[in-house]
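S.K.: Data file upload-v3.cif (mmCIF, C-alpha atoms) is appended below.
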```
data_structure
#
loop_
_atom_site.label_atom_id
_atom_site.label_comp_id
_atom_site.auth_asym_id
_atom_site.auth_seq_id
_atom_site.Cartn_x
_atom_site.Cartn_y
_atom_site.Cartn_z
CA MET A 1 55.67 150.13 -128.02
CA ASP A 2 54.76 147.73 -130.68
CA PRO A 3 54.15 149.68 -133.88
CA ASN A 4 51.75 146.98 -135.08
CA PHE A 5 49.42 147.46 -132.15
CA ASN A 6 47.11 150.36 -132.89
CA GLN A 7 44.86 151.60 -130.09
CA GLN A 8 41.76 153.49 -131.16
CA PRO A 9 40.15 155.17 -128.08
CA ASN A 10 37.26 156.67 -130.10
CA GLN A 11 33.67 155.38 -129.79
CA ASN A 12 32.96 155.06 -133.42
CA PRO A 13 31.31 151.64 -133.85
CA SER A 14 32.51 151.18 -137.37
CA PRO A 15 36.06 150.23 -137.32
CA ALA A 16 38.26 152.36 -139.35
CA PRO A 17 41.54 150.80 -140.14
CA PRO A 18 44.40 153.11 -139.42
CA ALA A 19 46.45 154.08 -142.34
CA ASN A 20 49.71 153.03 -140.75
CA ASN A 21 48.66 149.43 -140.14
CA SER A 22 46.90 148.51 -143.30
CA ASN A 23 48.97 145.31 -143.60
CA ASP A 24 47.92 143.92 -140.18
CA PRO A 25 44.37 142.49 -140.33
CA ILE A 26 44.19 141.37 -136.70
CA PHE A 27 44.31 144.58 -134.85
CA HIS A 28 42.11 146.66 -137.20
CA ALA A 29 39.14 146.64 -134.84
CA PRO A 30 38.97 149.50 -132.35
CA PHE A 31 39.54 148.75 -128.66
CA ASN A 32 36.00 149.15 -127.51
CA SER A 33 34.21 147.62 -130.44
CA PRO A 34 32.52 144.28 -129.96
CA VAL A 35 34.65 141.32 -130.96
CA GLN A 36 33.27 139.53 -133.94
CA ASN A 37 32.91 135.72 -134.36
CA GLN A 38 32.39 135.31 -130.63
CA GLN A 39 30.01 132.48 -129.61
CA PRO A 40 27.07 133.58 -127.51
CA GLN A 41 27.57 132.67 -123.86
CA PRO A 42 24.79 130.72 -122.12
CA THR A 43 22.90 132.80 -119.67
CA VAL A 44 22.24 131.30 -116.23
CA SER A 45 19.11 132.66 -114.81
CA PRO A 46 18.17 132.03 -111.16
CA PRO A 47 15.34 129.47 -110.57
CA SER A 48 12.04 131.01 -110.94
CA GLN A 49 9.65 131.31 -108.10
CA THR A 50 7.15 128.86 -109.62
CA GLU A 51 9.70 126.07 -109.69
CA GLU A 52 10.51 126.56 -106.01
CA MET A 53 6.86 126.54 -105.11
CA THR A 54 6.27 123.16 -106.83
CA LYS A 55 9.30 121.59 -105.09
CA GLN A 56 8.09 122.49 -101.58
CA PRO A 57 4.70 120.74 -101.79
CA ARG A 58 6.38 117.63 -103.25
CA GLY A 59 8.78 117.43 -100.31
CA LYS A 60 5.97 117.82 -97.81
CA LEU A 61 3.91 115.17 -99.58
CA PHE A 62 6.83 112.76 -99.43
CA ILE A 63 7.26 113.27 -95.70
CA ILE A 64 3.55 112.78 -95.08
CA LEU A 65 3.56 109.57 -97.11
CA CYS A 66 6.55 108.25 -95.18
CA VAL A 67 4.91 108.98 -91.84
CA LEU A 68 1.64 107.35 -92.91
CA GLY A 69 3.51 104.32 -94.21
CA GLY A 70 5.37 103.96 -90.93
CA VAL A 71 2.16 104.17 -88.94
CA VAL A 72 0.50 101.51 -91.13
CA LEU A 73 3.54 99.26 -90.73
CA LEU A 74 3.45 99.61 -86.95
CA LEU A 75 -0.25 98.78 -86.93
CA ILE A 76 0.36 95.62 -88.97
CA ILE A 77 3.16 94.51 -86.64
CA PHE A 78 0.95 95.16 -83.61
CA VAL A 79 -1.87 93.11 -85.08
CA LEU A 80 0.50 90.25 -85.89
CA ILE A 81 1.85 90.23 -82.33
CA LEU A 82 -1.68 90.17 -80.94
CA VAL A 83 -2.65 87.26 -83.20
CA ALA A 84 0.48 85.30 -82.26
CA ALA A 85 -0.12 85.90 -78.55
CA THR A 86 -3.73 84.80 -78.89
CA HIS A 87 -2.66 81.57 -80.57
CA LYS A 88 -0.07 80.89 -77.87
CA LYS A 89 -2.51 81.57 -75.08
CA ALA A 90 -5.16 79.32 -76.59
CA PRO A 91 -5.29 76.28 -74.32
CA ALA A 92 -4.69 72.81 -75.73
CA LYS A 93 -7.96 71.14 -76.48
CA PRO A 94 -8.47 68.33 -73.99
CA ALA A 95 -9.28 64.86 -75.25
CA GLY A 96 -12.81 63.60 -74.99
CA ASN A 97 -15.73 65.98 -74.99
CA GLY A 98 -13.62 68.93 -75.94
CA SER A 99 -15.34 71.23 -73.47
CA GLN A 100 -12.94 73.91 -72.40
CA SER A 101 -13.02 74.84 -68.77
CA SER A 102 -11.18 77.56 -66.92
CA ILE A 103 -8.45 76.77 -64.42
CA THR A 104 -10.63 78.15 -61.60
CA ASP A 105 -13.69 76.08 -62.43
CA ALA A 106 -14.87 73.61 -59.86
CA ALA A 107 -14.34 70.00 -60.67
CA THR A 108 -16.94 68.17 -62.68
CA SER A 109 -16.96 64.53 -63.57
CA THR A 110 -16.05 65.49 -67.12
CA ASN A 111 -13.01 67.61 -66.40
CA VAL A 112 -11.67 65.21 -63.77
CA GLN A 113 -12.03 62.38 -66.28
CA ILE A 114 -10.21 64.48 -68.86
CA ILE A 115 -7.32 65.08 -66.46
CA ASN A 116 -7.23 61.38 -65.62
CA ASP A 117 -7.03 60.52 -69.31
CA THR A 118 -4.34 63.12 -69.87
CA ILE A 119 -2.22 61.59 -67.11
CA THR A 120 -2.54 58.26 -68.88
CA GLN A 121 -1.39 59.88 -72.12
CA ASP A 122 1.58 61.47 -70.36
CA LEU A 123 2.74 58.12 -68.99
CA SER A 124 2.15 56.42 -72.33
CA SER A 125 4.71 58.72 -73.91
CA LEU A 126 7.39 56.99 -71.82
CA ASN A 127 8.65 53.54 -72.72
CA ASP A 128 10.63 52.00 -69.88
CA ASP A 129 11.57 48.91 -71.88
CA GLN A 130 13.13 51.11 -74.53
CA ASP A 131 14.61 53.68 -72.16
CA PHE A 132 16.08 51.24 -69.63
CA PRO A 133 16.96 47.99 -71.41
CA PRO A 134 18.56 45.52 -68.99
CA ASP A 135 21.58 44.83 -71.18
CA LYS A 136 22.60 48.42 -71.72
CA LEU A 137 25.72 48.39 -69.53
CA THR A 138 26.66 44.73 -69.51
CA ASP A 139 30.20 43.53 -70.22
CA LYS A 140 28.95 42.00 -73.45
CA THR A 141 27.50 45.29 -74.66
CA LEU A 142 30.65 47.19 -73.72
CA ASN A 143 32.97 44.49 -75.07
CA LEU A 144 34.78 44.19 -71.77
CA MET B 1 54.39 19.26 -46.55
CA ASN B 2 54.98 20.68 -43.10
CA LYS B 3 52.28 21.79 -40.75
CA PHE B 4 52.83 25.46 -41.36
CA ALA B 5 52.30 25.14 -45.14
CA LYS B 6 49.18 23.06 -44.59
CA LEU B 7 47.87 25.72 -42.24
CA VAL B 8 48.46 28.46 -44.84
CA VAL B 9 46.79 26.50 -47.60
CA GLY B 10 43.85 25.67 -45.35
CA LEU B 11 43.40 29.29 -44.38
CA ALA B 12 43.55 30.38 -48.02
CA LEU B 13 40.94 27.83 -49.01
CA VAL B 14 38.63 29.00 -46.24
CA SER B 15 39.15 32.72 -46.71
CA LEU B 16 38.61 32.85 -50.46
CA PRO B 17 34.92 31.95 -50.32
CA VAL B 18 34.47 34.31 -47.39
CA ILE B 19 36.02 37.14 -49.41
CA GLY B 20 33.78 36.23 -52.32
CA VAL B 21 30.68 36.39 -50.15
CA ILE B 22 31.74 39.69 -48.62
CA GLY B 23 32.58 41.06 -52.07
CA THR B 24 29.18 40.05 -53.36
CA ALA B 25 27.53 41.68 -50.40
CA PHE B 26 29.45 44.84 -51.06
CA ALA B 27 28.66 44.64 -54.74
CA ASP B 28 24.93 44.66 -54.01
CA THR B 29 25.11 47.49 -51.49
CA PRO B 30 23.51 50.59 -52.93
CA PRO B 31 26.14 53.24 -53.54
CA ALA B 32 26.16 56.29 -51.32
CA ASN B 33 25.71 59.75 -52.76
CA ALA B 34 28.94 61.43 -53.73
CA ALA B 35 29.79 64.44 -51.58
CA PRO B 36 28.84 67.69 -53.32
CA GLY B 37 31.87 69.43 -54.77
CA SER B 38 33.99 66.27 -54.58
CA THR B 39 36.79 65.71 -57.07
CA LEU B 40 37.15 62.75 -59.41
CA ALA B 41 39.92 61.28 -57.25
CA GLU B 42 37.74 61.48 -54.15
CA ARG B 43 34.82 59.83 -55.91
CA VAL B 44 37.06 57.08 -57.29
CA ASP B 45 38.36 56.37 -53.78
CA GLN B 46 34.84 56.35 -52.42
CA ARG B 47 33.64 53.85 -55.05
CA LYS B 48 36.70 51.64 -54.58
CA LYS B 49 35.93 51.39 -50.86
CA GLU B 50 32.28 50.68 -51.56
CA ARG B 51 32.74 48.04 -54.28
CA VAL B 52 35.85 46.21 -52.98
CA ILE B 53 37.01 45.15 -56.42
CA VAL B 54 39.48 42.27 -56.69
CA LEU B 55 41.04 41.65 -60.10
CA ASP B 56 43.29 38.76 -60.96
CA LYS B 57 46.09 39.18 -63.45
CA ASN B 58 44.06 38.01 -66.46
CA ASP B 59 41.11 40.27 -65.65
CA ASN B 60 43.45 43.18 -65.18
CA GLN B 61 45.13 42.61 -68.53
CA ARG B 62 41.82 42.20 -70.29
CA LEU B 63 40.50 45.43 -68.81
CA ILE B 64 43.62 47.32 -69.82
CA SER B 65 43.16 46.21 -73.43
CA THR B 66 39.39 46.74 -73.68
CA CYS B 67 38.50 49.59 -71.33
CA GLU B 68 39.15 52.42 -73.75
CA SER B 69 36.79 51.07 -76.38
CA ALA B 70 34.24 50.53 -73.62
CA GLN B 71 34.62 54.17 -72.67
CA GLY B 72 33.82 55.11 -76.27
CA LYS B 73 30.56 53.18 -76.09
CA LEU B 74 29.81 54.71 -72.72
CA ARG B 75 30.18 58.20 -74.20
CA VAL B 76 27.41 57.42 -76.69
CA ILE B 77 25.24 56.06 -73.89
CA GLN B 78 25.97 59.19 -71.89
CA THR B 79 24.84 61.48 -74.71
CA ASN B 80 21.55 59.63 -75.20
CA ALA B 81 20.91 59.28 -71.48
CA VAL B 82 20.63 63.02 -70.89
CA ALA B 83 17.69 63.45 -73.30
CA THR B 84 15.95 60.28 -72.14
CA LEU B 85 16.13 61.13 -68.46
CA GLN B 86 15.06 64.74 -68.99
CA ARG B 87 12.05 63.48 -70.90
CA HIS B 88 11.08 61.30 -67.96
CA ILE B 89 11.45 64.16 -65.51
CA LYS B 90 9.35 66.44 -67.71
CA VAL B 91 6.52 63.90 -67.89
CA TYR B 92 6.61 63.37 -64.13
CA LYS B 93 6.42 67.13 -63.58
CA ASN B 94 3.48 67.38 -66.00
CA VAL B 95 1.62 64.75 -64.03
CA ASP B 96 2.49 66.59 -60.84
CA GLY B 97 1.03 69.81 -62.27
CA ARG B 98 -2.17 68.05 -63.32
CA LEU B 99 -2.55 66.62 -59.83
CA TRP B 100 -2.26 70.10 -58.33
CA LEU B 101 -4.88 71.34 -60.78
CA VAL B 102 -7.36 68.58 -60.15
CA THR B 103 -6.91 68.86 -56.39
CA GLY B 104 -7.75 72.57 -56.53
CA ARG B 105 -10.82 71.95 -58.65
CA LEU B 106 -12.01 69.17 -56.37
CA LYS B 107 -11.67 71.49 -53.39
CA LEU B 108 -13.74 74.10 -55.22
CA ALA B 109 -16.35 71.41 -55.72
CA THR B 110 -16.18 70.73 -51.93
CA GLN B 111 -14.85 67.21 -52.48
CA ASP B 112 -12.73 65.38 -49.91
CA THR B 113 -9.19 65.42 -51.32
CA PHE B 114 -7.32 63.87 -48.37
CA GLN B 115 -6.60 60.58 -50.11
CA LEU B 116 -5.56 62.26 -53.34
CA GLU B 117 -3.28 64.70 -51.56
CA LYS B 118 -1.64 61.89 -49.61
CA GLN B 119 -0.98 59.98 -52.80
CA HIS B 120 0.24 63.14 -54.49
CA LEU B 121 2.77 63.60 -51.69
CA GLU B 122 4.05 60.08 -52.05
CA TYR B 123 4.25 60.53 -55.82
CA THR B 124 6.29 63.71 -55.29
CA ASP B 125 8.72 61.82 -53.03
CA LYS B 126 9.19 59.11 -55.63
CA VAL B 127 9.88 61.66 -58.34
CA ALA B 128 12.38 63.48 -56.10
CA ALA B 129 14.19 60.17 -55.44
CA PHE B 130 14.26 59.53 -59.19
CA GLN B 131 15.81 62.94 -59.81
CA THR B 132 18.49 62.26 -57.17
CA THR B 133 19.32 58.96 -58.82
CA VAL B 134 19.51 60.70 -62.19
CA THR B 135 22.09 63.13 -60.80
CA ASN B 136 24.14 60.32 -59.25
CA TYR B 137 23.92 58.18 -62.37
CA GLU B 138 25.05 60.99 -64.63
CA GLN B 139 27.97 61.75 -62.33
CA ALA B 140 29.06 58.12 -62.10
CA LEU B 141 28.75 57.68 -65.85
CA ASP B 142 30.80 60.79 -66.48
CA ASP B 143 33.49 59.61 -64.06
CA THR B 144 33.62 56.23 -65.79
CA VAL B 145 34.14 57.92 -69.12
CA VAL B 146 36.88 60.34 -68.04
CA ILE B 147 39.01 58.15 -65.77
CA ASN B 148 42.33 56.87 -67.11
CA CYS B 149 41.07 53.31 -67.15
CA ALA B 150 44.31 51.66 -68.25
CA ALA B 151 46.20 53.26 -65.37
CA ASP B 152 43.55 52.51 -62.75
CA THR B 153 41.60 49.41 -63.75
CA ILE B 154 40.22 48.88 -60.26
CA GLY B 155 38.94 52.45 -60.16
CA PHE B 156 37.39 52.02 -63.59
CA LYS B 157 35.69 48.79 -62.57
CA ALA B 158 34.42 50.33 -59.33
CA LEU B 159 32.97 53.31 -61.19
CA LEU B 160 31.41 51.09 -63.85
CA ASP B 161 29.77 48.90 -61.22
CA THR B 162 28.47 52.01 -59.45
CA THR B 163 27.03 53.27 -62.73
CA ARG B 164 25.31 49.95 -63.30
CA LEU B 165 23.77 50.05 -59.84
CA TYR B 166 22.41 53.55 -60.41
CA TYR B 167 21.09 52.51 -63.81
CA ASP B 168 19.24 49.58 -62.27
CA GLN B 169 17.85 51.95 -59.65
CA LEU B 170 16.57 54.28 -62.35
CA ALA B 171 14.80 51.46 -64.16
CA LYS B 172 13.17 50.30 -60.92
CA GLN B 173 12.15 53.78 -59.84
CA SER B 174 10.65 54.60 -63.22
CA ALA B 175 8.62 51.40 -63.19
CA ASP B 176 7.60 52.09 -59.60
CA ILE B 177 6.38 55.59 -60.41
CA ARG B 178 4.35 54.34 -63.35
CA GLU B 179 2.87 51.52 -61.27
CA TYR B 180 2.01 53.89 -58.43
CA VAL B 181 0.19 56.34 -60.68
CA ILE B 182 -1.76 53.62 -62.48
CA ASN B 183 -2.66 51.57 -59.41
CA ASN B 184 -3.21 54.30 -56.84
CA ILE B 185 -3.72 57.79 -58.18
CA LYS B 186 -5.83 56.98 -61.22
CA PRO B 187 -8.33 54.87 -59.24
CA THR B 188 -8.68 57.73 -56.75
CA LEU B 189 -9.42 60.11 -59.59
CA ALA B 190 -11.87 57.62 -61.07
CA SER B 191 -13.74 57.48 -57.76
CA HIS B 192 -14.03 61.29 -57.81
CA VAL B 193 -15.41 61.10 -61.33
CA THR B 194 -18.10 58.76 -60.05
CA ASP B 195 -18.84 60.98 -57.04
CA LEU B 196 -19.18 64.06 -59.22
CA GLN B 197 -21.57 62.53 -61.70
CA PRO B 198 -25.00 64.14 -61.46
CA LYS B 199 -27.38 62.01 -59.49
CA SER B 200 -30.37 60.98 -61.61
CA ALA B 201 -33.74 62.01 -60.15
CA PRO B 202 -35.85 59.13 -58.86
CA THR B 203 -38.43 58.11 -61.43
CA ALA B 204 -42.00 59.06 -60.50
CA GLY B 205 -44.92 56.61 -60.62
CA ALA B 206 -43.00 53.63 -59.40
CA ASN B 207 -46.12 52.26 -57.76
#
```
Translate the structure of the given file into structure tokens.
M.R.:
Amino acid sequence: MDPNFNQQPNQNPSPAPPANNSNDPIFHAPFNSPVQNQQPQPTVSPPSQTEEMTKQPRGKLFIILCVLGGVVLLLIIFVLILVAATHKKAPAKPAGNGSQSSITDAATSTNVQIINDTITQDLSSLNDDQDFPPDKLTDKTLNL
Amino acid sequence: MNKFAKLVVGLALVSLPVIGVIGTAFADTPPANAAPGSTLAERVDQRKKERVIVLDKNDNQRLISTCESAQGKLRVIQTNAVATLQRHIKVYKNVDGRLWLVTGRLKLATQDTFQLEKQHLEYTDKVAAFQTTVTNYEQALDDTVVINCAADTIGFKALLDTTRLYYDQLAKQSADIREYVINNIKPTLASHVTDLQPKSAPTAGAN
């Protein structure tokens, strides 16, 4: 047993240095006395109930906002698709009077004339002189 | 010069023009459709038999030296031809659709559409013939481009002549379709326009 180590089992708070170890300053304090010059330890307290209660409504609010945002986005996409489909389905305005008739309407002089004019336009888009020139495949053109 | 040699020379002199006439006749003969699923070799043989190409030594040499560059030009023509011909077919189909539409409407208006329907049928036949010629032309043009022309100059020439014939056919058919629509179908439609115009009421108080 180390003679310098002096155990004091008594509960006296005031340390009383033993007579035998007056030269050793380190071990003067009794065993069960509080250690001096010790830094206070931080206390970790569990989250309070009020903090938990504020977190829950925030989470719910976030979810609700996300759902609402998704619904609004879907509505916008749906409207855009409808508008695009309506534009596609819109029939080409015929030349002339511009009166739009349904495909199941009986013939009138106006709509037959419109179709006749449209046929002329269709044929006008072709240029036989340009599309089938007579010298396209000649020996001269092909350098044969 | 003995008699035998004179006979040979005489026969040659007589037969050459005959061969020329026959060759020309063959050259103008419209080419037959290639058999579906036929190979390039089969089509080359077919065109050789149809065209009856005769090349002298100079022509042969010239073709050997120039055919590959000609094939390069034909590739460009081939690329442009596809778009041009598809455009024609699309326009013809549009006109066909409009004729169907106007015929239906005229029937709803209790108009006599016999003449229009007859002309529509003939128009449809002309367009179908054009489409067949397009297919044959594209095939012949493709064969002309891919054949080893230096190794088979007669085959190359036969294919090229076939392509030219189909090309001429296309030009004629396109002009014919246009002329038919303008001179036959459009006047029929114009007569229906006149028939459908509202009749003006007779003016009162003429006396």
S.K.: For this file, the PyMOL selection byres ((chain A) within 8 of (chain B)) selects which residues, as a list in words?
M.R.: Ile103, Thr104, Asp105, Ala106, Ala107, Thr108, Ser109, Thr110, Val112, Gln113, Ile115, Asn116, Ile119, Thr120, Asp122, Leu123, Leu126, Asp128, Asp131, Phe132, Pro134, Leu137, Leu142, Asn143 and Leu144 of chain A
S.K.: Within 12 Å of (28.5, 60.3, -48.3) in the file's own coordinates, which protein, DNA or RNA residues have an atom, counting all atoms listed in the file? List them as a list in words.
M.R.: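 With a cut-off of 12 Å, the residues come to Pro30, Pro31, Ala32, Asn33, Ala34, Ala35, Pro36, Gly37, Ser38, Glu42, Arg43, Asp45, Gln46, Arg47, Lys49, Glu50 and Asn136 of chain B.
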S.K.: Just give me the gap between atom CA of Trp100 of chain B and atom CA of Asp129 of chain A in Å, one decimal is fine.
M.R.: 28.7 Å
S.K.: One decimal, in Å: what's the spacing between atom CA of Arg58 of chain A and atom CA of Ile76 of chain A?
M.R.: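 Value for the atom CA of Arg58 of chain A-atom CA of Ile76 of chain A distance: 26.9 Å.
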S.K.: Measure the distance from atom CA of Thr29 of chain B to atom CA of Phe156 of chain B in Å and round it to one decimal.
M.R.: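 According to the coordinates, atom CA of Thr29 of chain B and atom CA of Phe156 of chain B are separated by 17.8 Å.
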S.K.: Find the residues around Leu141 of chain B up to 8 Å (only C-alpha atoms counted), leave out those fewer than 2 positions away in its own chain, and share them as a PyMOL selection string.
M.R.: chain B and resi 74+78+137-139+143-145+159-160+163
S.K.: Centre and edge lengths of an axis-aligned box around all listed atoms of segment 190-201 of chain B, with 6 Å added on each side, are to be given in Å to one decimal, as lines of an AutoDock Vina configuration file.
M.R.:
```
center_x = -22.8
center_y = 60.8
center_z = -59.4
size_x = 33.9
size_y = 18.7
size_z = 16.7
```
